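Heads up: the structure comes next, in structure tokens.
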Amino acid sequence: MNPPPSSADKVSIVLFSGTTDKLMAATVIASGAAAMQKQVTIFLTFWGLMAFRKGAKEQPPRISTDFADFADFADAAMQAMQAKKVPHWLDTLRDAMDLGDVKVKACGLTMDLFGLKLEDLEPVVSEVTGVGSFVEDSTGGQTLFI
Amino acid sequence: MNPPPSSADKVSIVLFSGTTDKLMAATVIASGAAAMQKQVTIFLTFWGLMAFRKGAKEQPPRISTDFADFADFADAAMQAMQAKKVPHWLDTLRDAMDLGDVKVKACGLTMDLFGLKLEDLEPVVSEVTGVGSFVEDSTGGQTLFI
Amino acid sequence: MNPPPSSADKVSIVLFSGTTDKLMAATVIASGAAAMQKQVTIFLTFWGLMAFRKGAKEQPPRISTDFADFADFADAAMQAMQAKKVPHWLDTLRDAMDLGDVKVKACGLTMDLFGLKLEDLEPVVSEVTGVGSFVEDSTGGQTLFI
């Protein structure tokens with residue numbers, strides 16, 4: 001019998017941001033952690049939750065305005081992604097969910113604030129939960145705020 | 001006798017950002033963690049510290065520019081917050097401090113940089129400390145950079 | 001004989017952002033952690049990696065656009081830094097590397113995306129690695145996403 005996973009096996013992500021670059025970073029980290037057998041939980045809040053409304057893949061990419069005025073950076077990034085056929089972040093996430101233990105949960109407060117229901121979100125989101133419950137579940141592991 | 005709190009009972013937040021959306025996220029997480037009996041420490045630095053200068057509640061709300069040009073997002077957020085009477089982040093923080101073990105400390109380097117003294121800050125800030133001391137105190141728990 | 005370092009002695013930073021204010025925050029935290037005898041690993045990705053291309057110190061400072069339109073904040077920050085002779089973030093990092101155990105690694109996916117090689121980066125970057133490997137190495141310590 002395998003031992004039960006220890007708390008060191010947990011990687012938790014508060015996904016607050018909704019720009020394409022950070023959505024890519026979050027899903028790539030989730031993917032890498034899943035490949036390393038970690039239990040991954042992504043907690044969607046604010047702009048991060050808004051990005052997971054149904055039709056996410058039809059939305060235009062959105063790069064952080066911190067860099068949008070730097071043509072060399074932002075243009076190079078977008079062109080390189082197209083040329084290299086970098087997968088959409090939602091597909092990266094789906095692959096991670098196929099590969100390992102990755103759960104995506106929506107912040108109850110944000111859902112209430114924007115009047116959203118679970119069926120308004122992409123089906124990768126499995127449940128609505130509270131921030132206290134998320135904090136408790138992520139205890140003992142690594143937690144990233146993205 | 002209760003056992004002493006273990007390091008797994010700590011949630012530490014480096015609060016670097018000063019936009020209203022992230023101040024809300026940080027204080028809601030602090031509140032959820034306090035409700036779960038965690039020892040919460042918020043370390044204010046740079047824009048996060050600037051947001052805690054006296055008169056914080058009189059400042060106009062400031063949404064991240066990443067989203068400000070998206071009328072559907074930013075306007076919906078502000079209107080929903082007003083309609084739902086979402087408390088000011090400083091009140092959310094005060095409630096968390098009443099509820100559990102939440103301490104707010106100011107980064108000494110940032111204080112020196114901007115020529116600030118403890119009495120220039122909202123009274124929820126209890127002391128000025130160094131980054132090394134913060135890192136040491138947060139060892140073993142969850143640490144978020146917001 | 002000293003005991004081997006425990007996992008609680010690790011501080012890991014995913015450095016995603018490339019604005020001067022966050023580069024300063026990341027390197028100051030690395031410095032504070034190194035002074036506290038932590039094993040520090042900085043994992044450069046996306047804009048954070050772009051900021052470490054050779055010639056980093058010749059780049060103009062870049063403040064987050066969240067604050068750039070607030071003259072009191074951004075101007076005060078830049079003037080205070082010059083008046084106080086705040087070191088460049090790359091020098092803060094070099095000092096931290098002299099002081100303690102600080103390693104800087106580049107994200108392989110980002111390197112591929114932008115067609116970068118290790119010799120295109122500042123020599124403080126010692127190697128290219130994958131996100132899974134970074135997640136595994138940082139297990140049990142504190143991990144910040146900046």
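Every chain in the structure tokens takes a letter, A first, then B, and so on in the order presented; its residues are numbered from 1, and the ligands are numbered from 1 following the presented order.
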For this session: Starting from chain C, keep only residues with some atom at most 9 Å from an atom of chain A, counting only C-alpha atoms, and report them as a PyMOL selection string.
Result: chain C and resi 16-19+45-47+50+62-66+112-115+130-136+138-146
Exercise. Out of region 41-146 of chain B, which residues get alpha helix (DSSP H) from DSSP, as a PyMOL selection string?
Worked result: chain B and resi 46-50+65-68+71-83+89-99+108-114+131-138
Exercise. Hey, what's within 10 Å of Met97 (chain C) if we count only C-alpha atoms and toss same-chain stuff fewer than 5 positions away? As a ChimeraX atom specification, please?
Worked result: /C:30-31,34,40,91-92,102-104,124
